[in-house]
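Chemist: Data file my_file.cif (mmCIF, C-alpha atoms and all ligand atoms) is appended below.
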```
data_input
#
loop_
_atom_site.label_atom_id
_atom_site.label_comp_id
_atom_site.auth_asym_id
_atom_site.auth_seq_id
_atom_site.Cartn_x
_atom_site.Cartn_y
_atom_site.Cartn_z
CA SER A 1 -71.36 38.47 -54.88
CA PRO A 2 -69.73 40.91 -52.45
CA ASN A 3 -70.50 38.37 -49.74
CA SER A 4 -68.05 35.91 -51.33
CA ARG A 5 -65.26 37.71 -49.50
CA PHE A 6 -66.03 35.32 -46.64
CA SER A 7 -67.98 32.09 -46.92
CA VAL A 8 -68.70 28.99 -44.88
CA ALA A 9 -67.94 25.89 -46.95
CA PRO A 10 -70.46 23.33 -48.16
CA MET A 11 -70.23 20.37 -45.76
CA MET A 12 -72.34 17.23 -45.98
CA ASP A 13 -74.26 16.48 -42.80
CA TRP A 14 -73.05 19.77 -41.27
CA THR A 15 -74.21 22.86 -43.19
CA ASP A 16 -77.91 22.02 -43.25
CA ARG A 17 -80.59 24.68 -42.90
CA HIS A 18 -80.49 24.65 -39.10
CA CYS A 19 -76.74 25.14 -39.08
CA ARG A 20 -77.09 28.02 -41.51
CA VAL A 21 -79.67 29.81 -39.36
CA PHE A 22 -77.25 29.55 -36.44
CA HIS A 23 -74.29 30.79 -38.49
CA ARG A 24 -76.36 33.66 -39.84
CA LEU A 25 -77.04 34.93 -36.33
CA LEU A 26 -73.27 35.07 -35.81
CA SER A 27 -72.50 36.83 -39.10
CA GLY A 28 -74.93 38.86 -41.15
CA ARG A 29 -72.56 39.01 -44.11
CA ALA A 30 -70.87 35.64 -44.61
CA LEU A 31 -72.05 33.70 -47.66
CA LEU A 32 -73.40 30.34 -46.49
CA TYR A 33 -73.27 27.20 -48.62
CA THR A 34 -75.64 24.26 -48.48
CA GLU A 35 -74.53 20.67 -48.31
CA MET A 36 -73.99 19.18 -51.76
CA VAL A 37 -77.27 18.05 -53.32
CA THR A 38 -77.11 15.79 -56.37
CA THR A 39 -79.04 16.56 -59.52
CA GLY A 40 -80.75 13.18 -59.24
CA ALA A 41 -82.06 14.03 -55.79
CA ILE A 42 -83.37 17.41 -56.91
CA LEU A 43 -84.98 16.12 -60.09
CA HIS A 44 -86.61 13.07 -58.49
CA GLY A 45 -86.63 13.64 -54.71
CA ASP A 46 -88.52 15.53 -52.01
CA ARG A 47 -87.69 19.13 -52.87
CA GLU A 48 -89.02 20.70 -49.69
CA LYS A 49 -86.76 18.41 -47.70
CA LEU A 50 -83.74 18.92 -49.96
CA LEU A 51 -84.07 22.61 -50.77
CA GLY A 52 -86.30 24.22 -48.17
CA PHE A 53 -84.69 27.01 -46.18
CA SER A 54 -85.60 30.07 -44.11
CA PRO A 55 -85.48 33.59 -45.56
CA ALA A 56 -83.18 34.53 -42.66
CA GLU A 57 -80.40 32.42 -44.20
CA HIS A 58 -79.74 34.74 -47.16
CA PRO A 59 -77.30 35.04 -48.78
CA VAL A 60 -77.12 31.29 -49.33
CA ALA A 61 -75.55 29.30 -52.17
CA LEU A 62 -76.81 25.92 -53.34
CA GLN A 63 -74.09 23.40 -54.15
CA LEU A 64 -74.93 20.85 -56.82
CA GLY A 65 -73.31 17.50 -57.53
CA GLY A 66 -73.57 16.13 -61.06
CA SER A 67 -72.01 16.29 -64.49
CA GLU A 68 -74.80 15.99 -67.02
CA PRO A 69 -75.29 19.53 -68.41
CA SER A 70 -79.04 19.25 -68.97
CA ASP A 71 -79.62 17.80 -65.49
CA LEU A 72 -77.43 20.46 -63.92
CA ALA A 73 -79.24 23.19 -65.83
CA ALA A 74 -82.61 21.86 -64.68
CA ALA A 75 -81.43 21.51 -61.07
CA ALA A 76 -79.88 24.98 -61.14
CA ARG A 77 -83.14 26.49 -62.35
CA ILE A 78 -85.08 24.73 -59.62
CA GLY A 79 -82.56 26.01 -57.07
CA ALA A 80 -82.85 29.57 -58.38
CA ASP A 81 -86.65 29.29 -58.27
CA TRP A 82 -86.40 28.24 -54.62
CA GLY A 83 -84.54 31.48 -53.96
CA TYR A 84 -80.89 30.49 -53.73
CA ASP A 85 -78.53 33.41 -54.32
CA GLU A 86 -75.85 31.39 -56.15
CA ILE A 87 -75.53 27.96 -57.73
CA ASN A 88 -72.21 26.17 -57.19
CA LEU A 89 -70.91 23.06 -58.93
CA ASN A 90 -68.94 20.57 -56.84
CA CYS A 91 -65.69 19.56 -58.54
CA GLY A 92 -63.80 18.81 -55.35
CA CYS A 93 -65.53 16.06 -53.44
CA PRO A 94 -63.54 12.79 -53.48
CA SER A 95 -65.91 10.17 -52.09
CA ASP A 96 -66.36 6.88 -53.92
CA ARG A 97 -70.09 7.20 -54.10
CA VAL A 98 -69.59 10.51 -55.83
CA GLN A 99 -66.98 9.17 -58.28
CA SER A 100 -69.30 6.42 -59.41
CA GLY A 101 -71.78 9.07 -60.54
CA ARG A 102 -68.93 10.88 -62.36
CA PHE A 103 -69.00 14.03 -60.39
CA GLY A 104 -67.01 15.76 -57.70
CA ALA A 105 -63.22 15.84 -57.92
CA CYS A 106 -62.96 13.36 -60.79
CA LEU A 107 -64.29 16.19 -62.98
CA MET A 108 -60.93 17.94 -62.58
CA ALA A 109 -59.76 15.57 -65.33
CA GLU A 110 -62.59 16.65 -67.63
CA PRO A 111 -62.56 20.42 -68.03
CA ALA A 112 -64.61 20.25 -71.23
CA VAL A 113 -67.43 18.42 -69.44
CA VAL A 114 -67.38 20.97 -66.64
CA ALA A 115 -67.33 23.85 -69.13
CA ASP A 116 -70.41 22.44 -70.89
CA ALA A 117 -72.14 22.05 -67.54
CA VAL A 118 -71.32 25.61 -66.48
CA ALA A 119 -72.52 27.01 -69.80
CA ALA A 120 -75.80 25.11 -69.46
CA MET A 121 -76.29 26.31 -65.87
CA LYS A 122 -75.50 29.89 -66.85
CA ALA A 123 -78.08 29.74 -69.61
CA ALA A 124 -80.67 28.47 -67.14
CA VAL A 125 -80.36 30.97 -64.27
CA GLY A 126 -79.77 34.63 -63.60
CA VAL A 127 -77.93 34.20 -60.29
CA PRO A 128 -74.14 33.67 -60.23
CA VAL A 129 -72.86 30.22 -61.20
CA THR A 130 -69.66 29.21 -59.45
CA VAL A 131 -67.34 26.20 -59.31
CA LYS A 132 -65.57 24.65 -56.31
CA CYS A 133 -62.54 22.56 -57.20
CA ARG A 134 -59.25 21.16 -55.96
CA ILE A 135 -55.85 22.14 -57.38
CA GLY A 136 -55.80 18.76 -59.13
CA ILE A 137 -56.23 15.03 -58.71
CA ASP A 138 -54.01 11.98 -58.64
CA HIS A 139 -51.27 12.15 -61.30
CA GLN A 140 -52.08 15.71 -62.43
CA ASP A 141 -49.43 18.40 -62.15
CA PRO A 142 -51.50 21.27 -60.73
CA GLU A 143 -49.11 23.91 -62.08
CA GLU A 144 -50.05 22.71 -65.49
CA SER A 145 -53.63 21.42 -65.15
CA LEU A 146 -55.23 23.93 -62.77
CA PRO A 147 -54.89 27.04 -64.98
CA GLY A 148 -56.41 25.17 -67.93
CA PHE A 149 -59.31 23.91 -65.84
CA VAL A 150 -60.01 27.34 -64.36
CA ASP A 151 -59.77 29.11 -67.70
CA ALA A 152 -62.13 26.60 -69.30
CA VAL A 153 -64.82 27.10 -66.66
CA ALA A 154 -64.32 30.87 -66.70
CA ALA A 155 -64.67 30.95 -70.49
CA ALA A 156 -67.90 28.99 -70.10
CA GLY A 157 -69.22 31.73 -67.85
CA ALA A 158 -68.36 30.75 -64.28
CA ASP A 159 -68.63 33.89 -62.14
CA LEU A 160 -66.17 32.74 -59.49
CA VAL A 161 -63.96 29.77 -58.69
CA VAL A 162 -63.34 28.42 -55.19
CA VAL A 163 -60.10 26.46 -54.97
CA HIS A 164 -59.51 23.98 -52.16
CA ALA A 165 -55.74 24.33 -52.26
CA ARG A 166 -54.77 20.65 -52.15
CA LYS A 167 -55.03 17.74 -54.54
CA ALA A 168 -57.54 14.96 -54.10
CA TRP A 169 -55.97 11.53 -54.32
CA LEU A 170 -58.84 9.43 -55.53
CA ASP A 171 -56.99 6.14 -55.21
CA GLY A 172 -56.44 4.98 -51.70
CA LEU A 173 -57.41 7.89 -49.45
CA SER A 174 -60.68 8.22 -47.59
CA PRO A 175 -62.65 11.48 -48.01
CA LYS A 176 -61.48 12.51 -44.56
CA GLU A 177 -57.80 11.80 -45.36
CA ASN A 178 -58.29 13.78 -48.56
CA ARG A 179 -58.95 16.83 -46.38
CA THR A 180 -55.70 16.50 -44.43
CA VAL A 181 -53.09 14.36 -46.17
CA PRO A 182 -52.42 16.01 -49.57
CA PRO A 183 -50.33 19.11 -48.86
CA LEU A 184 -51.78 22.61 -49.13
CA ASP A 185 -50.39 24.88 -51.85
CA TYR A 186 -51.59 28.45 -51.26
CA PRO A 187 -48.88 30.04 -53.46
CA LEU A 188 -50.30 28.22 -56.49
CA VAL A 189 -53.73 29.74 -55.82
CA TYR A 190 -52.19 33.16 -55.24
CA ARG A 191 -50.41 32.96 -58.61
CA LEU A 192 -53.62 31.77 -60.26
CA LYS A 193 -55.30 34.91 -58.94
CA ALA A 194 -52.43 37.26 -59.78
CA ASP A 195 -52.60 36.12 -63.40
CA ARG A 196 -56.40 36.62 -63.59
CA PRO A 197 -57.28 40.03 -62.18
CA ASP A 198 -60.83 39.87 -63.56
CA LEU A 199 -61.79 36.40 -62.32
CA PRO A 200 -62.89 36.24 -58.67
CA ILE A 201 -60.91 33.50 -56.90
CA VAL A 202 -61.74 32.21 -53.42
CA LEU A 203 -59.15 30.31 -51.37
CA ASN A 204 -60.26 27.31 -49.29
CA GLY A 205 -58.49 24.71 -47.20
CA GLY A 206 -56.81 24.73 -43.81
CA LEU A 207 -57.63 28.33 -42.87
CA GLY A 208 -57.84 27.97 -39.09
CA ASP A 209 -58.87 31.39 -37.85
CA LEU A 210 -59.61 34.97 -38.89
CA ASP A 211 -55.97 36.03 -38.71
CA GLN A 212 -55.08 33.50 -41.37
CA ALA A 213 -58.21 34.32 -43.35
CA THR A 214 -57.65 38.08 -43.41
CA ALA A 215 -53.97 37.59 -44.30
CA ALA A 216 -55.02 35.50 -47.31
CA LEU A 217 -57.49 38.20 -48.35
CA ALA A 218 -54.54 40.35 -49.40
CA ARG A 219 -53.92 37.84 -52.21
CA VAL A 220 -57.35 36.50 -53.26
CA ASP A 221 -60.88 37.85 -53.58
CA GLY A 222 -62.40 35.68 -50.88
CA VAL A 223 -61.80 33.01 -48.30
CA MET A 224 -63.94 29.99 -47.53
CA LEU A 225 -63.71 28.31 -44.13
CA GLY A 226 -65.09 24.86 -43.43
CA ARG A 227 -64.04 22.96 -40.34
CA ALA A 228 -62.76 25.95 -38.36
CA ALA A 229 -66.07 27.79 -38.79
CA TYR A 230 -68.13 24.76 -37.88
CA GLU A 231 -66.07 23.61 -34.92
CA HIS A 232 -65.39 27.10 -33.52
CA PRO A 233 -68.47 29.05 -34.65
CA ARG A 234 -67.62 32.01 -32.40
CA LEU A 235 -65.06 33.08 -34.98
CA LEU A 236 -67.98 33.99 -37.24
CA ALA A 237 -69.01 36.72 -34.80
CA ALA A 238 -66.03 38.87 -35.81
CA VAL A 239 -66.43 38.39 -39.58
CA ASP A 240 -68.74 41.35 -40.26
CA ARG A 241 -66.31 43.72 -38.56
CA ARG A 242 -62.97 42.21 -39.53
CA VAL A 243 -63.73 41.08 -43.08
CA PHE A 244 -66.54 43.39 -44.19
CA GLY A 245 -65.47 46.45 -42.20
CA GLU A 246 -68.85 46.99 -40.59
CA ASP A 247 -69.30 49.13 -37.54
CA GLY A 248 -71.11 47.84 -34.52
CA PRO A 249 -70.58 45.16 -31.94
CA ASP A 250 -69.85 41.55 -32.76
CA ALA A 251 -72.76 39.17 -32.25
CA ASP A 252 -72.89 38.08 -28.63
CA PRO A 253 -72.81 34.28 -28.34
CA PHE A 254 -75.22 34.27 -25.39
CA ALA A 255 -77.73 36.35 -27.34
CA VAL A 256 -77.27 34.10 -30.37
CA ALA A 257 -78.02 31.02 -28.28
CA GLU A 258 -81.15 32.71 -26.89
CA ARG A 259 -82.29 33.64 -30.38
CA MET A 260 -82.02 30.01 -31.39
CA VAL A 261 -84.77 29.08 -28.90
CA PRO A 262 -87.74 30.38 -30.95
CA TYR A 263 -86.17 28.97 -34.09
CA ALA A 264 -85.78 25.57 -32.40
CA GLU A 265 -89.39 25.81 -31.26
CA SER A 266 -90.51 26.17 -34.88
CA VAL A 267 -88.41 23.16 -35.87
CA VAL A 268 -89.68 21.00 -33.01
CA ALA A 269 -93.26 22.08 -33.83
CA ARG A 270 -92.74 20.62 -37.31
CA GLY A 271 -91.96 17.27 -35.69
CA PHE A 272 -88.14 17.29 -35.60
CA ARG A 273 -85.95 16.55 -32.62
CA LEU A 274 -84.26 19.40 -30.83
CA SER A 275 -80.86 17.78 -31.49
CA ASN A 276 -81.27 18.56 -35.20
CA VAL A 277 -80.72 22.18 -34.24
CA THR A 278 -78.49 21.98 -31.16
CA ARG A 279 -75.92 19.60 -32.65
CA HIS A 280 -74.52 22.51 -34.66
CA MET A 281 -74.21 24.72 -31.60
CA LEU A 282 -72.04 22.50 -29.40
CA GLY A 283 -68.81 24.40 -30.09
CA LEU A 284 -70.23 27.87 -29.45
CA PHE A 285 -68.53 28.34 -26.10
CA ASN A 286 -65.30 26.41 -26.74
CA GLY A 287 -62.61 27.76 -24.46
CA TRP A 288 -65.02 29.47 -22.07
CA PRO A 289 -65.80 28.30 -18.52
CA GLY A 290 -68.70 25.87 -18.66
CA ALA A 291 -68.24 25.02 -22.33
CA ARG A 292 -68.03 21.35 -21.52
CA ALA A 293 -71.20 21.35 -19.39
CA TRP A 294 -73.03 23.22 -22.17
CA ARG A 295 -71.92 20.66 -24.71
CA ARG A 296 -72.74 17.71 -22.48
CA LEU A 297 -76.23 18.82 -21.46
CA LEU A 298 -77.21 19.52 -25.06
CA THR A 299 -75.68 16.30 -26.33
CA VAL A 300 -77.40 14.08 -23.78
CA GLU A 301 -80.79 15.77 -23.46
CA SER A 302 -81.66 17.16 -26.89
CA VAL A 303 -81.78 13.78 -28.61
CA LYS A 304 -84.63 12.68 -26.34
CA PRO A 305 -88.02 12.67 -28.05
CA GLY A 306 -90.02 15.66 -26.89
CA ALA A 307 -86.97 17.60 -25.67
CA ASP A 308 -88.01 21.22 -25.09
CA PRO A 309 -86.07 24.02 -26.84
CA ARG A 310 -85.84 25.86 -23.52
CA LEU A 311 -83.17 23.27 -22.75
CA ILE A 312 -80.88 25.68 -24.60
CA LEU A 313 -81.47 28.22 -21.80
CA ASP A 314 -80.73 25.60 -19.14
CA ALA A 315 -77.47 24.79 -20.89
CA LEU A 316 -76.67 28.49 -21.27
CA ALA A 317 -76.94 28.95 -17.50
CA LEU A 318 -73.92 26.64 -17.15
CA VAL A 319 -71.64 28.90 -19.22
CA ARG A 320 -69.71 31.90 -17.93
CA ARG A 321 -68.17 34.67 -19.97
CA PRO A 322 -64.45 34.76 -19.23
CA GLU A 323 -63.13 37.81 -17.39
CA PRO A 324 -61.65 40.10 -20.06
CA GLN A 325 -58.22 40.23 -18.39
CA ALA A 326 -58.32 36.49 -17.81
CA ALA A 327 -58.95 35.58 -21.42
CA THR A 328 -55.86 33.41 -21.53
CA SER A 329 -55.81 32.47 -17.86
CA ALA A 330 -54.75 29.12 -16.50
CA ALA A 331 -58.40 28.31 -15.75
CA ASP A 332 -59.29 28.70 -19.43
CA ALA A 333 -56.34 26.60 -20.46
CA VAL A 334 -57.54 23.86 -18.10
CA GLU A 335 -61.08 24.18 -19.44
CA ALA A 336 -59.86 23.99 -23.03
CA ALA A 337 -57.66 21.01 -22.27
CA THR A 338 -60.52 19.27 -20.49
CA ASP A 339 -62.80 19.93 -23.45
CA ALA A 340 -60.22 18.62 -25.87
CA ALA A 341 -59.88 15.45 -23.83
CA ALA A 342 -63.64 14.94 -23.55
N1 LIG B 401 -66.97 19.99 -50.01
C1 LIG B 401 -67.89 20.13 -50.98
O1 LIG B 401 -67.59 20.77 -51.99
N2 LIG B 401 -69.14 19.60 -50.84
C2 LIG B 401 -69.52 18.91 -49.72
O2 LIG B 401 -70.66 18.47 -49.63
C3 LIG B 401 -68.55 18.74 -48.69
N3 LIG B 401 -68.85 18.05 -47.55
C4 LIG B 401 -67.97 18.07 -46.50
C5 LIG B 401 -68.33 17.50 -45.27
C6 LIG B 401 -67.49 17.60 -44.17
C7 LIG B 401 -67.92 17.01 -42.86
C8 LIG B 401 -66.24 18.26 -44.30
C9 LIG B 401 -65.33 18.41 -43.11
C10 LIG B 401 -65.87 18.79 -45.52
C11 LIG B 401 -66.71 18.71 -46.63
N4 LIG B 401 -66.36 19.29 -47.86
C12 LIG B 401 -67.28 19.33 -48.87
C13 LIG B 401 -65.06 19.97 -48.03
C14 LIG B 401 -65.16 21.42 -47.50
O3 LIG B 401 -66.10 22.17 -48.25
C15 LIG B 401 -63.79 22.10 -47.59
O4 LIG B 401 -63.40 22.17 -48.94
C16 LIG B 401 -62.70 21.36 -46.81
O5 LIG B 401 -63.17 20.96 -45.54
C17 LIG B 401 -61.45 22.21 -46.68
O6 LIG B 401 -61.73 23.41 -45.99
P1 LIG B 401 -61.40 23.58 -44.40
O7 LIG B 401 -59.97 23.18 -44.22
O8 LIG B 401 -61.65 25.03 -44.12
O9 LIG B 401 -62.33 22.67 -43.66
#
```
Here is the file; what I need is its structure written in the form of structure tokens.
Modeler:
Amino acid sequence: SPNSRFSVAPMMDWTDRHCRVFHRLLSGRALLYTEMVTTGAILHGDREKLLGFSPAEHPVALQLGGSEPSDLAAAARIGADWGYDEINLNCGCPSDRVQSGRFGACLMAEPAVVADAVAAMKAAVGVPVTVKCRIGIDHQDPEESLPGFVDAVAAAGADLVVVHARKAWLDGLSPKENRTVPPLDYPLVYRLKADRPDLPIVLNGGLGDLDQATAALARVDGVMLGRAAYEHPRLLAAVDRRVFGEDGPDADPFAVAERMVPYAESVVARGFRLSNVTRHMLGLFNGWPGARAWRRLLTVESVKPGADPRLILDALALVRRPEPQAATSAADAVEAATDAAA
């Protein structure tokens, strides 16, 4: 979709529906991904809990974990029926639990299996079907294996491929180490794109801010940011203007926080703790005076049973917008350093 030019990555435990509502208030255009949901969970589990989301989150892509084509087709159809705008297949996640079910990054070694799965998903839904992968795993030589993998899934009908530009080393590294230790190789992804003008390719991995993201957009069709977007959500406020060329002011972080109050009220009214919503908002004011007090008040108070969503306004009163000319002042540097140490 045109929104693929900028997306927020699928992240387990992070990009849940509450996080996505928050991110959507910061950017109207970014494509938002769910956490990975396994086919087994969708076929046998509590679908409202696994798949329920708010209309305000659109456009939103459902990421599936699995490898059995008929299960993936059935799960994709259920996802499309729930209103997801895209169905994505996870071929990049390295965790053990995931390997044992034969899905995630280990599928990089089985392009034919992935191609069958993509073909089955395409036959089942009308929305785009996409794949998220690594450049390779373990012993593979990505120069050699990645083009074959990508061409196989494209031939099977994949509408777009997201490439996390590092290998996954399935022996011996934790999932977290697998997001930092294997080196990034952007040039390989750029060449992959240059050789396939008709296949949309999205670059993911290590993009730390919008300067890096927009620079990469000269070479690929889209960028996907994970940790930087989650940890520094204010960067999303400039995406509509800087990536999508829209006129109008960037979303104001104070206004976004205020708009989260009625949303949090609806969540709390359904019996959930306020912290389910506020935990995603802790980084909103990183680098601004009061950011640490904001973070601390929300962290300590919103986990308490019965915490009132108006706590967000109390926390907001502790934050100050930096003076424009003082954006990189010594006071901010101290605040940022204090936050980093906290
Ligand atoms: N990738 C997936 O494809 N599916 C997931 O469910 C998933 N969960 C993640 C959870 C966390 C907490 C993090 C940090 C990453 C996860 N990833 C997952 C990987 C990200 O989607 C992304 O590929 C990776 O973090 C690299 O991008 P980044 O450097 O912009 O963060």
Chemist: List every protein, DNA or RNA residue that has at least one atom no more than 12 Å from (-81.9, 15.0, -58.7) in the file's coordinates, counting only C-alpha atoms, and write the result as a list in words.
Modeler: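 These residues have at least one counted atom within 12 Å: Met36, Val37, Thr38, Thr39, Gly40, Ala41, Ile42, Leu43, His44, Gly45, Asp46, Arg47, Leu50, Leu51, Leu64, Gly65, Gly66, Ser67, Glu68, Ser70, Asp71, Leu72, Ala73, Ala74, Ala75, Ala76, Ile78, Gly79 and Gly101 of chain A.
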Chemist: Mind pulling up the distance from atom CA of Lys167 of chain A to atom CA of Pro69 of chain A?
Modeler: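 Atom CA of Lys167 of chain A lies 24.6 Å from atom CA of Pro69 of chain A.
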Chemist: Fewer than 5 positions away in the same chain doesn't count, so skip those; otherwise give me all residues within 9 Å of Pro253 of chain A, counting only C-alpha atoms, as a PDB file with C-alpha atoms, in the frame of the given file.
Modeler:
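Final output, part_16.pdb:
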```pdb
ATOM      1  CA  LEU A  26     -73.270  35.070 -35.810  1.00  0.00           C
ATOM      2  CA  ARG A 234     -67.620  32.010 -32.400  1.00  0.00           C
ATOM      3  CA  ALA A 237     -69.010  36.720 -34.800  1.00  0.00           C
ATOM      4  CA  GLU A 258     -81.150  32.710 -26.890  1.00  0.00           C
ATOM      5  CA  LEU A 284     -70.230  27.870 -29.450  1.00  0.00           C
ATOM      6  CA  PHE A 285     -68.530  28.340 -26.100  1.00  0.00           C
TER       7      PHE A 285
END
```
Chemist: Let me have all residues with an atom within 8 Å of ligand LIG 401 (chain B), counting all atoms listed in the file, laid out as number ranges by chain.
Modeler: A: 9-14, 34-37, 63, 90-93, 104, 132-133, 164, 176, 179-180, 204-208, 224-229
Chemist: Atom CA of His18 of chain A and atom CA of Pro55 of chain A, how far apart in Å?
Modeler: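 Taking atom CA of Pro55 of chain A and atom CA of His18 of chain A, their separation equals 12.1 Å.
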Chemist: Given all atoms listed in the file as the basis, pick out the residue of A:Val153, A:Ala264, A:Leu199, A:Leu298 nearest to Arg17 of chain A.
Modeler: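 Counting all atoms listed in the file, the residue closest to Arg17 of chain A is A:Ala264.
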Chemist: Which is closest to Val8 of chain A among A:Ala291, A:Leu31, A:Leu62, A:Ala115, if we use all atoms listed in the file?
Modeler: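 Ranking A:Ala291, A:Leu31, A:Leu62, A:Ala115 by distance to Val8 of chain A, first place goes to A:Leu31.
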Chemist: Enter the distance from atom CA of Arg24 of chain A to atom CA of Ala293 of chain A, in Å, rounded to one decimal.
Modeler: 24.4 Å
Chemist: Rank nothing, just name the residue among A:Tyr33, A:Trp169, A:Phe149, A:Trp294 nearest to Ser95 of chain A, using only C-alpha atoms.
Modeler: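 Using only C-alpha atoms, Ser95 of chain A sits closest to A:Trp169.
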Chemist: Using all atoms listed in the file, which of A:Met108, A:Leu188, A:Ala168, A:Val131 sits nearest Pro94 of chain A?
Modeler: A:Ala168
Chemist: Using all atoms listed in the file for the distances, tell me which of A:Asp252, A:Asp209, A:Asp138, A:Glu177 is nearest to Ala105 of chain A.
Modeler: A:Asp138
Chemist: Which residue out of A:Arg295, A:Trp288, A:Lys304, A:Arg310 has the minimum interatomic distance to Pro262 of chain A when only C-alpha atoms are used?
Modeler: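 Of A:Arg295, A:Trp288, A:Lys304, A:Arg310, the one nearest Pro262 of chain A, counting only C-alpha atoms, is A:Arg310.
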Chemist: Do you know which residues are at most 12 Å from Val127 of chain A counting all atoms listed in the file, after dropping those on the same chain fewer than 3 positions away, and could you put them as a ChimeraX atom specification?
Modeler: /A:1,59-62,76-88,121-124,130,157-160
Chemist: How would segment 128-143 of chain A look with N, CA and C atoms restored, written as an mmCIF file, in the coordinates of the input?
Modeler:
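Saved file part-v8.cif follows:
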```cif
data_model
loop_
_atom_site.group_PDB
_atom_site.id
_atom_site.type_symbol
_atom_site.label_atom_id
_atom_site.label_comp_id
_atom_site.auth_asym_id
_atom_site.auth_seq_id
_atom_site.Cartn_x
_atom_site.Cartn_y
_atom_site.Cartn_z
ATOM 1 N N PRO A 128 -75.499 34.120 -59.910
ATOM 2 C CA PRO A 128 -74.140 33.670 -60.230
ATOM 3 C C PRO A 128 -74.018 32.136 -60.214
ATOM 4 N N VAL A 129 -73.199 31.652 -61.138
ATOM 5 C CA VAL A 129 -72.860 30.220 -61.200
ATOM 6 C C VAL A 129 -71.375 30.108 -60.890
ATOM 7 N N THR A 130 -71.044 29.301 -59.909
ATOM 8 C CA THR A 130 -69.660 29.210 -59.450
ATOM 9 C C THR A 130 -69.229 27.748 -59.419
ATOM 10 N N VAL A 131 -67.911 27.551 -59.319
ATOM 11 C CA VAL A 131 -67.340 26.200 -59.310
ATOM 12 C C VAL A 131 -66.435 26.082 -58.093
ATOM 13 N N LYS A 132 -66.515 24.937 -57.406
ATOM 14 C CA LYS A 132 -65.570 24.650 -56.310
ATOM 15 C C LYS A 132 -64.738 23.454 -56.720
ATOM 16 N N CYS A 133 -63.419 23.634 -56.722
ATOM 17 C CA CYS A 133 -62.540 22.560 -57.200
ATOM 18 C C CYS A 133 -61.347 22.382 -56.281
ATOM 19 N N ARG A 134 -60.561 21.388 -56.574
ATOM 20 C CA ARG A 134 -59.250 21.160 -55.960
ATOM 21 C C ARG A 134 -58.185 21.780 -56.859
ATOM 22 N N ILE A 135 -56.897 21.698 -56.450
ATOM 23 C CA ILE A 135 -55.850 22.140 -57.380
ATOM 24 C C ILE A 135 -55.558 21.075 -58.426
ATOM 25 N N GLY A 136 -56.018 19.836 -58.162
ATOM 26 C CA GLY A 136 -55.800 18.760 -59.130
ATOM 27 C C GLY A 136 -56.157 17.432 -58.483
ATOM 28 N N ILE A 137 -56.009 16.382 -59.244
ATOM 29 C CA ILE A 137 -56.230 15.030 -58.710
ATOM 30 C C ILE A 137 -55.095 14.113 -59.141
ATOM 31 N N ASP A 138 -54.874 13.116 -58.300
ATOM 32 C CA ASP A 138 -54.010 11.980 -58.640
ATOM 33 C C ASP A 138 -52.710 12.402 -59.317
ATOM 34 N N HIS A 139 -52.526 11.955 -60.558
ATOM 35 C CA HIS A 139 -51.270 12.150 -61.300
ATOM 36 C C HIS A 139 -51.117 13.567 -61.842
ATOM 37 N N GLN A 140 -52.174 14.384 -61.787
ATOM 38 C CA GLN A 140 -52.080 15.710 -62.430
ATOM 39 C C GLN A 140 -50.963 16.549 -61.810
ATOM 40 N N ASP A 141 -50.342 17.376 -62.649
ATOM 41 C CA ASP A 141 -49.430 18.400 -62.150
ATOM 42 C C ASP A 141 -50.230 19.691 -62.071
ATOM 43 N N PRO A 142 -50.590 20.122 -60.865
ATOM 44 C CA PRO A 142 -51.500 21.270 -60.730
ATOM 45 C C PRO A 142 -50.995 22.537 -61.422
ATOM 46 N N GLU A 143 -49.663 22.735 -61.403
ATOM 47 C CA GLU A 143 -49.110 23.910 -62.080
ATOM 48 C C GLU A 143 -49.587 23.979 -63.515
#
```
